[in-house]
file data-v6.cif (mmCIF, N, CA and C atoms)
data_final
loop_
_atom_site.label_atom_id
_atom_site.label_comp_id
_atom_site.auth_asym_id
_atom_site.auth_seq_id
_atom_site.Cartn_x
_atom_site.Cartn_y
_atom_site.Cartn_z
N MET A 1 0.84 -1.16 0.00
CA MET A 1 0.00 0.00 0.00
C MET A 1 0.90 1.24 0.00
N THR A 2 0.60 2.17 -0.89
CA THR A 2 1.40 3.39 -0.96
C THR A 2 1.05 4.31 0.20
N LYS A 3 1.92 5.30 0.45
CA LYS A 3 1.68 6.25 1.54
C LYS A 3 0.41 7.04 1.30
N LYS A 4 0.15 7.40 0.04
CA LYS A 4 -1.05 8.17 -0.28
C LYS A 4 -2.31 7.35 -0.02
N THR A 5 -2.31 6.07 -0.42
CA THR A 5 -3.46 5.20 -0.19
C THR A 5 -3.69 5.00 1.30
N ARG A 6 -2.60 4.79 2.05
CA ARG A 6 -2.70 4.62 3.49
C ARG A 6 -3.28 5.87 4.14
N LYS A 7 -2.86 7.05 3.70
CA LYS A 7 -3.34 8.31 4.26
C LYS A 7 -4.84 8.48 3.97
N ILE A 8 -5.27 8.16 2.76
CA ILE A 8 -6.69 8.25 2.41
C ILE A 8 -7.51 7.26 3.25
N PHE A 9 -6.98 6.06 3.41
CA PHE A 9 -7.66 5.05 4.22
C PHE A 9 -7.82 5.53 5.67
N ILE A 10 -6.82 6.11 6.25
CA ILE A 10 -6.87 6.62 7.64
C ILE A 10 -7.87 7.76 7.76
N ILE A 11 -7.89 8.67 6.78
CA ILE A 11 -8.84 9.80 6.81
C ILE A 11 -10.28 9.30 6.72
N VAL A 12 -10.52 8.34 5.83
CA VAL A 12 -11.86 7.78 5.70
C VAL A 12 -12.27 7.06 6.99
N ALA A 13 -11.37 6.31 7.60
CA ALA A 13 -11.67 5.60 8.84
C ALA A 13 -11.98 6.58 9.98
N ILE A 14 -11.24 7.67 10.07
CA ILE A 14 -11.50 8.68 11.10
C ILE A 14 -12.86 9.35 10.85
N ALA A 15 -13.16 9.67 9.60
CA ALA A 15 -14.44 10.29 9.28
C ALA A 15 -15.60 9.36 9.64
N LEU A 16 -15.48 8.08 9.32
CA LEU A 16 -16.52 7.12 9.68
C LEU A 16 -16.67 7.00 11.20
N ALA A 17 -15.57 7.02 11.92
CA ALA A 17 -15.63 6.94 13.38
C ALA A 17 -16.34 8.16 13.97
N VAL A 18 -16.07 9.34 13.42
CA VAL A 18 -16.73 10.56 13.90
C VAL A 18 -18.23 10.51 13.60
N VAL A 19 -18.60 10.09 12.40
CA VAL A 19 -20.02 9.98 12.05
C VAL A 19 -20.72 8.98 12.96
N TRP A 20 -20.10 7.85 13.22
CA TRP A 20 -20.68 6.84 14.09
C TRP A 20 -20.85 7.39 15.51
N ALA A 21 -19.84 8.09 16.04
CA ALA A 21 -19.93 8.66 17.39
C ALA A 21 -21.05 9.69 17.48
N LEU A 22 -21.21 10.51 16.46
CA LEU A 22 -22.30 11.50 16.46
C LEU A 22 -23.66 10.81 16.39
N TRP A 23 -23.77 9.76 15.61
CA TRP A 23 -25.03 9.04 15.50
C TRP A 23 -25.40 8.38 16.83
N VAL A 24 -24.42 7.76 17.49
CA VAL A 24 -24.68 7.12 18.78
C VAL A 24 -25.09 8.16 19.82
N THR A 25 -24.44 9.32 19.80
CA THR A 25 -24.72 10.35 20.79
C THR A 25 -26.06 11.03 20.55
N PHE A 26 -26.35 11.43 19.33
CA PHE A 26 -27.52 12.23 19.05
C PHE A 26 -28.62 11.50 18.30
N GLY A 27 -28.30 10.44 17.61
CA GLY A 27 -29.28 9.75 16.77
C GLY A 27 -30.36 9.03 17.55
N SER A 28 -30.04 8.55 18.76
CA SER A 28 -31.04 7.82 19.54
C SER A 28 -31.85 8.74 20.43
N ASN A 29 -31.53 10.01 20.51
CA ASN A 29 -32.28 10.95 21.33
C ASN A 29 -33.54 11.35 20.58
N ASP A 30 -34.70 11.02 21.16
CA ASP A 30 -35.95 11.37 20.48
C ASP A 30 -36.56 12.65 21.01
N GLY A 31 -35.80 13.44 21.75
CA GLY A 31 -36.26 14.76 22.16
C GLY A 31 -37.04 14.80 23.45
N VAL A 32 -36.93 13.79 24.29
CA VAL A 32 -37.63 13.81 25.58
C VAL A 32 -36.73 13.22 26.66
N THR A 33 -36.76 13.84 27.83
CA THR A 33 -36.06 13.30 29.00
C THR A 33 -37.02 13.32 30.18
N GLN A 34 -36.75 12.46 31.14
CA GLN A 34 -37.58 12.38 32.32
C GLN A 34 -36.70 12.33 33.56
N LYS A 35 -37.28 12.77 34.70
CA LYS A 35 -36.55 12.75 35.96
C LYS A 35 -37.54 12.46 37.08
N ASP A 36 -37.21 11.48 37.92
CA ASP A 36 -38.04 11.18 39.07
C ASP A 36 -37.93 12.32 40.07
N ILE A 37 -39.05 12.72 40.64
CA ILE A 37 -39.05 13.75 41.68
C ILE A 37 -39.31 13.11 43.04
N SER A 38 -40.43 12.38 43.15
CA SER A 38 -40.75 11.72 44.42
C SER A 38 -41.77 10.62 44.18
N TYR A 39 -42.00 9.83 45.21
CA TYR A 39 -43.06 8.83 45.19
C TYR A 39 -43.66 8.75 46.58
N LYS A 40 -44.88 8.25 46.65
CA LYS A 40 -45.53 8.05 47.93
C LYS A 40 -46.32 6.75 47.86
N VAL A 41 -46.01 5.85 48.77
CA VAL A 41 -46.77 4.62 48.88
C VAL A 41 -47.97 4.94 49.77
N VAL A 42 -49.14 5.02 49.18
CA VAL A 42 -50.35 5.38 49.92
C VAL A 42 -50.80 4.21 50.79
N ASP A 43 -50.91 3.05 50.20
CA ASP A 43 -51.25 1.81 50.92
C ASP A 43 -50.89 0.64 50.02
N SER A 44 -51.39 -0.54 50.34
CA SER A 44 -51.02 -1.72 49.56
C SER A 44 -51.68 -1.76 48.19
N THR A 45 -52.57 -0.79 47.91
CA THR A 45 -53.25 -0.79 46.61
C THR A 45 -52.95 0.44 45.76
N MET A 46 -52.17 1.40 46.29
CA MET A 46 -51.96 2.65 45.55
C MET A 46 -50.58 3.25 45.87
N THR A 47 -49.91 3.70 44.80
CA THR A 47 -48.65 4.44 44.90
C THR A 47 -48.73 5.60 43.92
N THR A 48 -48.25 6.77 44.34
CA THR A 48 -48.20 7.92 43.43
C THR A 48 -46.74 8.23 43.11
N VAL A 49 -46.49 8.62 41.87
CA VAL A 49 -45.15 8.96 41.41
C VAL A 49 -45.20 10.35 40.79
N ASP A 50 -44.36 11.26 41.27
CA ASP A 50 -44.21 12.59 40.70
C ASP A 50 -42.93 12.61 39.89
N PHE A 51 -43.00 13.17 38.67
CA PHE A 51 -41.83 13.19 37.80
C PHE A 51 -41.90 14.41 36.89
N ALA A 52 -40.74 14.79 36.37
CA ALA A 52 -40.65 15.91 35.43
C ALA A 52 -40.32 15.36 34.05
N VAL A 53 -40.94 15.97 33.04
CA VAL A 53 -40.71 15.59 31.65
C VAL A 53 -40.28 16.85 30.90
N THR A 54 -39.17 16.75 30.17
CA THR A 54 -38.69 17.84 29.34
C THR A 54 -38.82 17.43 27.88
N LYS A 55 -39.56 18.25 27.12
CA LYS A 55 -39.83 17.97 25.71
C LYS A 55 -40.21 19.27 25.04
N SER A 56 -40.37 19.25 23.75
CA SER A 56 -40.89 20.40 23.03
C SER A 56 -42.32 20.65 23.51
N PRO A 57 -42.69 21.92 23.77
CA PRO A 57 -44.05 22.19 24.27
C PRO A 57 -45.16 21.71 23.35
N ASP A 58 -44.93 21.62 22.06
CA ASP A 58 -45.99 21.19 21.14
C ASP A 58 -46.00 19.69 20.88
N ALA A 59 -45.11 18.94 21.53
CA ALA A 59 -45.04 17.49 21.33
C ALA A 59 -45.89 16.77 22.38
N THR A 60 -46.27 15.55 22.04
CA THR A 60 -46.96 14.67 22.98
C THR A 60 -46.02 13.53 23.33
N ALA A 61 -45.90 13.25 24.62
CA ALA A 61 -45.03 12.18 25.08
C ALA A 61 -45.85 11.16 25.86
N ARG A 62 -45.33 9.96 25.93
CA ARG A 62 -45.89 8.92 26.78
C ARG A 62 -44.76 8.43 27.69
N CYS A 63 -45.12 8.17 28.94
CA CYS A 63 -44.13 7.70 29.91
C CYS A 63 -44.63 6.44 30.60
N ALA A 64 -43.75 5.46 30.73
CA ALA A 64 -44.05 4.24 31.46
C ALA A 64 -43.62 4.45 32.91
N VAL A 65 -44.57 4.31 33.82
CA VAL A 65 -44.32 4.52 35.24
C VAL A 65 -44.60 3.20 35.95
N LYS A 66 -43.73 2.85 36.92
CA LYS A 66 -43.94 1.58 37.60
C LYS A 66 -43.70 1.69 39.09
N ALA A 67 -44.37 0.83 39.83
CA ALA A 67 -44.17 0.67 41.27
C ALA A 67 -43.58 -0.72 41.49
N MET A 68 -42.62 -0.81 42.42
CA MET A 68 -41.95 -2.09 42.66
C MET A 68 -41.98 -2.43 44.14
N ASP A 69 -41.93 -3.73 44.43
CA ASP A 69 -41.88 -4.18 45.82
C ASP A 69 -40.43 -4.33 46.26
N GLU A 70 -40.23 -4.85 47.46
CA GLU A 70 -38.88 -4.92 48.01
C GLU A 70 -37.94 -5.85 47.25
N SER A 71 -38.48 -6.76 46.45
CA SER A 71 -37.63 -7.63 45.64
C SER A 71 -37.51 -7.11 44.20
N PHE A 72 -37.92 -5.85 43.98
CA PHE A 72 -37.87 -5.18 42.68
C PHE A 72 -38.82 -5.78 41.65
N ALA A 73 -39.79 -6.53 42.11
CA ALA A 73 -40.84 -7.03 41.21
C ALA A 73 -41.82 -5.90 40.95
N VAL A 74 -42.31 -5.80 39.72
CA VAL A 74 -43.27 -4.75 39.37
C VAL A 74 -44.63 -5.14 39.93
N VAL A 75 -45.18 -4.25 40.78
CA VAL A 75 -46.49 -4.50 41.37
C VAL A 75 -47.55 -3.52 40.88
N GLY A 76 -47.13 -2.54 40.06
CA GLY A 76 -48.04 -1.60 39.44
C GLY A 76 -47.35 -0.95 38.25
N TRP A 77 -48.12 -0.72 37.18
CA TRP A 77 -47.52 -0.18 35.95
C TRP A 77 -48.58 0.58 35.20
N LYS A 78 -48.16 1.69 34.59
CA LYS A 78 -49.11 2.52 33.85
C LYS A 78 -48.36 3.35 32.82
N VAL A 79 -48.98 3.59 31.67
CA VAL A 79 -48.44 4.50 30.67
C VAL A 79 -49.24 5.80 30.77
N VAL A 80 -48.52 6.90 30.98
CA VAL A 80 -49.14 8.21 31.16
C VAL A 80 -48.85 9.04 29.91
N THR A 81 -49.88 9.73 29.38
CA THR A 81 -49.71 10.60 28.22
C THR A 81 -49.58 12.03 28.69
N ILE A 82 -48.52 12.71 28.23
CA ILE A 82 -48.30 14.13 28.52
C ILE A 82 -48.48 14.87 27.21
N GLY A 83 -49.55 15.59 27.10
CA GLY A 83 -49.90 16.26 25.85
C GLY A 83 -49.17 17.57 25.65
N PRO A 84 -49.45 18.23 24.54
CA PRO A 84 -48.86 19.54 24.28
C PRO A 84 -49.31 20.54 25.34
N ASN A 85 -48.48 21.55 25.56
CA ASN A 85 -48.83 22.59 26.53
C ASN A 85 -48.29 23.93 26.05
N GLY A 86 -48.81 24.98 26.64
CA GLY A 86 -48.38 26.34 26.28
C GLY A 86 -47.02 26.68 26.87
N LYS A 87 -46.42 27.72 26.33
CA LYS A 87 -45.10 28.14 26.80
C LYS A 87 -45.15 28.74 28.20
N ASP A 88 -46.36 29.06 28.70
CA ASP A 88 -46.50 29.61 30.03
C ASP A 88 -46.72 28.53 31.09
N VAL A 89 -46.72 27.26 30.70
CA VAL A 89 -46.93 26.15 31.61
C VAL A 89 -45.58 25.55 31.99
N GLY A 90 -45.37 25.27 33.25
CA GLY A 90 -44.15 24.63 33.69
C GLY A 90 -42.97 25.57 33.67
N ALA A 91 -41.80 25.03 33.36
CA ALA A 91 -40.55 25.79 33.35
C ALA A 91 -39.93 25.76 31.96
N GLU A 92 -38.92 26.57 31.77
CA GLU A 92 -38.17 26.62 30.51
C GLU A 92 -39.08 26.87 29.31
N ASN A 93 -39.95 27.87 29.43
CA ASN A 93 -40.89 28.23 28.36
C ASN A 93 -41.77 27.06 27.93
N GLY A 94 -42.20 26.28 28.90
CA GLY A 94 -43.10 25.17 28.60
C GLY A 94 -42.42 23.86 28.27
N ARG A 95 -41.11 23.81 28.29
CA ARG A 95 -40.41 22.58 27.94
C ARG A 95 -40.47 21.54 29.05
N THR A 96 -40.41 21.98 30.32
CA THR A 96 -40.39 21.05 31.44
C THR A 96 -41.66 21.19 32.26
N THR A 97 -42.37 20.08 32.44
CA THR A 97 -43.57 20.06 33.26
C THR A 97 -43.45 18.96 34.31
N THR A 98 -44.12 19.17 35.43
CA THR A 98 -44.19 18.11 36.45
C THR A 98 -45.51 17.38 36.29
N ASN A 99 -45.47 16.09 36.55
CA ASN A 99 -46.63 15.23 36.33
C ASN A 99 -46.76 14.26 37.49
N ARG A 100 -47.96 13.79 37.71
CA ARG A 100 -48.22 12.80 38.76
C ARG A 100 -48.96 11.62 38.15
N ALA A 101 -48.51 10.43 38.52
CA ALA A 101 -49.17 9.19 38.10
C ALA A 101 -49.64 8.45 39.34
N ASP A 102 -50.92 8.10 39.38
CA ASP A 102 -51.48 7.28 40.44
C ASP A 102 -51.52 5.85 39.94
N LEU A 103 -50.79 4.97 40.62
CA LEU A 103 -50.69 3.58 40.19
C LEU A 103 -51.43 2.66 41.15
N ARG A 104 -52.32 1.85 40.61
CA ARG A 104 -52.93 0.79 41.42
C ARG A 104 -51.89 -0.32 41.53
N THR A 105 -51.75 -0.86 42.73
CA THR A 105 -50.74 -1.90 42.95
C THR A 105 -51.39 -3.18 43.44
N ASP A 106 -50.74 -4.31 43.12
CA ASP A 106 -51.23 -5.63 43.54
C ASP A 106 -50.89 -5.91 45.00
N THR A 107 -49.71 -5.46 45.43
CA THR A 107 -49.25 -5.62 46.81
C THR A 107 -48.55 -4.33 47.21
N LEU A 108 -48.05 -4.29 48.42
CA LEU A 108 -47.40 -3.09 48.93
C LEU A 108 -46.12 -2.80 48.14
N ALA A 109 -46.03 -1.62 47.58
CA ALA A 109 -44.83 -1.18 46.87
C ALA A 109 -43.87 -0.54 47.87
N VAL A 110 -42.60 -0.48 47.49
CA VAL A 110 -41.62 0.24 48.31
C VAL A 110 -41.01 1.40 47.54
N THR A 111 -41.28 1.48 46.23
CA THR A 111 -40.76 2.57 45.42
C THR A 111 -41.61 2.73 44.16
N GLY A 112 -41.49 3.89 43.57
CA GLY A 112 -42.15 4.16 42.30
C GLY A 112 -41.24 5.02 41.45
N ILE A 113 -41.14 4.70 40.16
CA ILE A 113 -40.24 5.42 39.25
C ILE A 113 -40.88 5.58 37.88
N VAL A 114 -40.37 6.54 37.13
CA VAL A 114 -40.72 6.63 35.72
C VAL A 114 -39.61 5.88 34.99
N GLU A 115 -39.98 4.87 34.24
CA GLU A 115 -38.98 4.01 33.59
C GLU A 115 -38.45 4.61 32.30
N ASN A 116 -39.35 5.13 31.47
CA ASN A 116 -38.93 5.63 30.17
C ASN A 116 -40.02 6.53 29.61
N CYS A 117 -39.62 7.51 28.80
CA CYS A 117 -40.57 8.36 28.07
C CYS A 117 -40.18 8.39 26.61
N TRP A 118 -41.17 8.58 25.74
CA TRP A 118 -40.91 8.66 24.31
C TRP A 118 -41.91 9.62 23.69
N ILE A 119 -41.54 10.17 22.55
CA ILE A 119 -42.40 11.10 21.82
C ILE A 119 -43.37 10.28 20.96
N VAL A 120 -44.64 10.65 21.00
CA VAL A 120 -45.65 10.01 20.16
C VAL A 120 -45.63 10.72 18.83
N LYS A 121 -45.40 10.00 17.76
CA LYS A 121 -45.26 10.61 16.44
C LYS A 121 -46.59 10.68 15.74
#

call {"tool": "encode", "arguments": {"input": "data-v6.cif", "output": "structure tokens"}}
result
Amino acid sequence: MTKKTRKIFIIVAIALAVVWALWVTFGSNDGVTQKDISYKVVDSTMTTVDFAVTKSPDATARCAVKAMDESFAVVGWKVVTIGPNGKDVGAENGRTTTNRADLRTDTLAVTGIVENCWIVK
């Protein structure tokens, strides 16, 4: 292999590595993030989970929220829809809103979390 061919090969390999790194970093982001705020175990049949969702104000998101027992088994689960909102709602010009999910549980939960959120297309 000549020096020129080797140099072209290295440049192409670096360019592909940069494109791949950018795709891994930004390509899987669908424009929504979530953060657990708090939970409250009301009794053996109900747990509430408070969480914040950051998304475009005009987008609709869905979030999977779950309650778990002491062995981390899921004892309650619900998908919550967070619809579009005005820029005067929540924080960051309407990008971040707080939400509450009331989960019916099969047995006593010890924690509640938001597992994942996604944008509804």

call {"tool": "select_by_dssp", "arguments": {"input": "data-v6.cif", "residues": "chain A", "states": "alpha helix (DSSP H)", "output": "PyMOL selection string"}}
result
chain A and resi 3-22

call {"tool": "atom_distance", "arguments": {"input": "data-v6.cif", "atom1": "atom N of Ser44 of chain A", "atom2": "atom CA of Lys66 of chain A"}}
result
14.9 Å

call {"tool": "resolve_selection", "arguments": {"input": "data-v6.cif", "expression": "the PyMOL selection byres (((chain A and resi 117 and name CA) around 10) and name CA)", "output": "PyMOL selection string"}}
result
chain A and resi 30-35+53-55+61-65+79-82+114-116+118-120

call {"tool": "closest_residue", "arguments": {"input": "data-v6.cif", "among": "A:Tyr39, A:Phe51, A:Trp77, A:Phe9", "to": "Asp106 of chain A", "atoms": "only C-alpha atoms"}}
result
A:Trp77

call {"tool": "residues_around", "arguments": {"input": "data-v6.cif", "residues": "Asp102 of chain A", "least_positions_apart": "4", "cutoff": "8 Å", "atoms": "only C-alpha atoms", "output": "PyMOL selection string"}}
result
chain A and resi 46-49

call {"tool": "select_by_dssp", "arguments": {"input": "data-v6.cif", "residues": "segment 29-91 of chain A", "states": "strand (DSSP E or B)", "output": "number ranges by chain"}}
result
A: 33-43, 46-54, 61-68, 74-82, 91

call {"tool": "closest_residue", "arguments": {"input": "data-v6.cif", "among": "A:Phe72, A:Lys121, A:Thr96, A:Ala91", "to": "Ser56 of chain A", "atoms": "only N, CA and C atoms"}}
result
A:Thr96

call {"tool": "atom_distance", "arguments": {"input": "data-v6.cif", "atom1": "atom C of Ala101 of chain A", "atom2": "atom C of Gly76 of chain A"}}
result
9.7 Å

call {"tool": "resolve_selection", "arguments": {"input": "data-v6.cif", "expression": "the PyMOL selection byres ((chain A and resi 75) around 6)", "output": "PyMOL selection string"}}
result
chain A and resi 67-69+73-74+76-77+104-107

call {"tool": "atom_distance", "arguments": {"input": "data-v6.cif", "atom1": "atom CA of Arg95 of chain A", "atom2": "atom CA of Ile113 of chain A"}}
result
20.6 Å

call {"tool": "closest_residue", "arguments": {"input": "data-v6.cif", "among": "A:Ser38, A:Ala109, A:Pro57, A:Arg6", "to": "Asn93 of chain A", "atoms": "only N, CA and C atoms"}}
result
A:Pro57

call {"tool": "closest_residue", "arguments": {"input": "data-v6.cif", "among": "A:Ala52, A:Ala15, A:Ile8, A:Thr111", "to": "Lys40 of chain A", "atoms": "only N, CA and C atoms"}}
result
A:Thr111

call {"tool": "decode", "arguments": {"input": "data-v6.cif", "residues": "segment 27-60 of chain A", "atoms": "N, CA and C atoms", "output": "tab-separated table (two decimals), in the first residue's frame"}}
result
chain	number	residue	atom	x	y	z
A	27	GLY	N	-28.30	10.44	17.61
A	27	GLY	CA	-29.28	9.75	16.77
A	27	GLY	C	-30.36	9.03	17.55
A	28	SER	N	-30.04	8.55	18.76
A	28	SER	CA	-31.04	7.82	19.54
A	28	SER	C	-31.85	8.74	20.43
A	29	ASN	N	-31.53	10.01	20.51
A	29	ASN	CA	-32.28	10.95	21.33
A	29	ASN	C	-33.54	11.35	20.58
A	30	ASP	N	-34.70	11.02	21.16
A	30	ASP	CA	-35.95	11.37	20.48
A	30	ASP	C	-36.56	12.65	21.01
A	31	GLY	N	-35.80	13.44	21.75
A	31	GLY	CA	-36.26	14.76	22.16
A	31	GLY	C	-37.04	14.80	23.45
A	32	VAL	N	-36.93	13.79	24.29
A	32	VAL	CA	-37.63	13.81	25.58
A	32	VAL	C	-36.73	13.22	26.66
A	33	THR	N	-36.76	13.84	27.83
A	33	THR	CA	-36.06	13.30	29.00
A	33	THR	C	-37.02	13.32	30.18
A	34	GLN	N	-36.75	12.46	31.14
A	34	GLN	CA	-37.58	12.38	32.32
A	34	GLN	C	-36.70	12.33	33.56
A	35	LYS	N	-37.28	12.77	34.70
A	35	LYS	CA	-36.55	12.75	35.96
A	35	LYS	C	-37.54	12.46	37.08
A	36	ASP	N	-37.21	11.48	37.92
A	36	ASP	CA	-38.04	11.18	39.07
A	36	ASP	C	-37.93	12.32	40.07
A	37	ILE	N	-39.05	12.72	40.64
A	37	ILE	CA	-39.05	13.75	41.68
A	37	ILE	C	-39.31	13.11	43.04
A	38	SER	N	-40.43	12.38	43.15
A	38	SER	CA	-40.75	11.72	44.42
A	38	SER	C	-41.77	10.62	44.18
A	39	TYR	N	-42.00	9.83	45.21
A	39	TYR	CA	-43.06	8.83	45.19
A	39	TYR	C	-43.66	8.75	46.58
A	40	LYS	N	-44.88	8.25	46.65
A	40	LYS	CA	-45.53	8.05	47.93
A	40	LYS	C	-46.32	6.75	47.86
A	41	VAL	N	-46.01	5.85	48.77
A	41	VAL	CA	-46.77	4.62	48.88
A	41	VAL	C	-47.97	4.94	49.77
A	42	VAL	N	-49.14	5.02	49.18
A	42	VAL	CA	-50.35	5.38	49.92
A	42	VAL	C	-50.80	4.21	50.79
A	43	ASP	N	-50.91	3.05	50.20
A	43	ASP	CA	-51.25	1.81	50.92
A	43	ASP	C	-50.89	0.64	50.02
A	44	SER	N	-51.39	-0.54	50.34
A	44	SER	CA	-51.02	-1.72	49.56
A	44	SER	C	-51.68	-1.76	48.19
A	45	THR	N	-52.57	-0.79	47.91
A	45	THR	CA	-53.25	-0.79	46.61
A	45	THR	C	-52.95	0.44	45.76
A	46	MET	N	-52.17	1.40	46.29
A	46	MET	CA	-51.96	2.65	45.55
A	46	MET	C	-50.58	3.25	45.87
A	47	THR	N	-49.91	3.70	44.80
A	47	THR	CA	-48.65	4.44	44.90
A	47	THR	C	-48.73	5.60	43.92
A	48	THR	N	-48.25	6.77	44.34
A	48	THR	CA	-48.20	7.92	43.43
A	48	THR	C	-46.74	8.23	43.11
A	49	VAL	N	-46.49	8.62	41.87
A	49	VAL	CA	-45.15	8.96	41.41
A	49	VAL	C	-45.20	10.35	40.79
A	50	ASP	N	-44.36	11.26	41.27
A	50	ASP	CA	-44.21	12.59	40.70
A	50	ASP	C	-42.93	12.61	39.89
A	51	PHE	N	-43.00	13.17	38.67
A	51	PHE	CA	-41.83	13.19	37.80
A	51	PHE	C	-41.90	14.41	36.89
A	52	ALA	N	-40.74	14.79	36.37
A	52	ALA	CA	-40.65	15.91	35.43
A	52	ALA	C	-40.32	15.36	34.05
A	53	VAL	N	-40.94	15.97	33.04
A	53	VAL	CA	-40.71	15.59	31.65
A	53	VAL	C	-40.28	16.85	30.90
A	54	THR	N	-39.17	16.75	30.17
A	54	THR	CA	-38.69	17.84	29.34
A	54	THR	C	-38.82	17.43	27.88
A	55	LYS	N	-39.56	18.25	27.12
A	55	LYS	CA	-39.83	17.97	25.71
A	55	LYS	C	-40.21	19.27	25.04
A	56	SER	N	-40.37	19.25	23.75
A	56	SER	CA	-40.89	20.40	23.03
A	56	SER	C	-42.32	20.65	23.51
A	57	PRO	N	-42.69	21.92	23.77
A	57	PRO	CA	-44.05	22.19	24.27
A	57	PRO	C	-45.16	21.71	23.35
A	58	ASP	N	-44.93	21.62	22.06
A	58	ASP	CA	-45.99	21.19	21.14
A	58	ASP	C	-46.00	19.69	20.88
A	59	ALA	N	-45.11	18.94	21.53
A	59	ALA	CA	-45.04	17.49	21.33
A	59	ALA	C	-45.89	16.77	22.38
A	60	THR	N	-46.27	15.55	22.04
A	60	THR	CA	-46.96	14.67	22.98
A	60	THR	C	-46.02	13.53	23.33
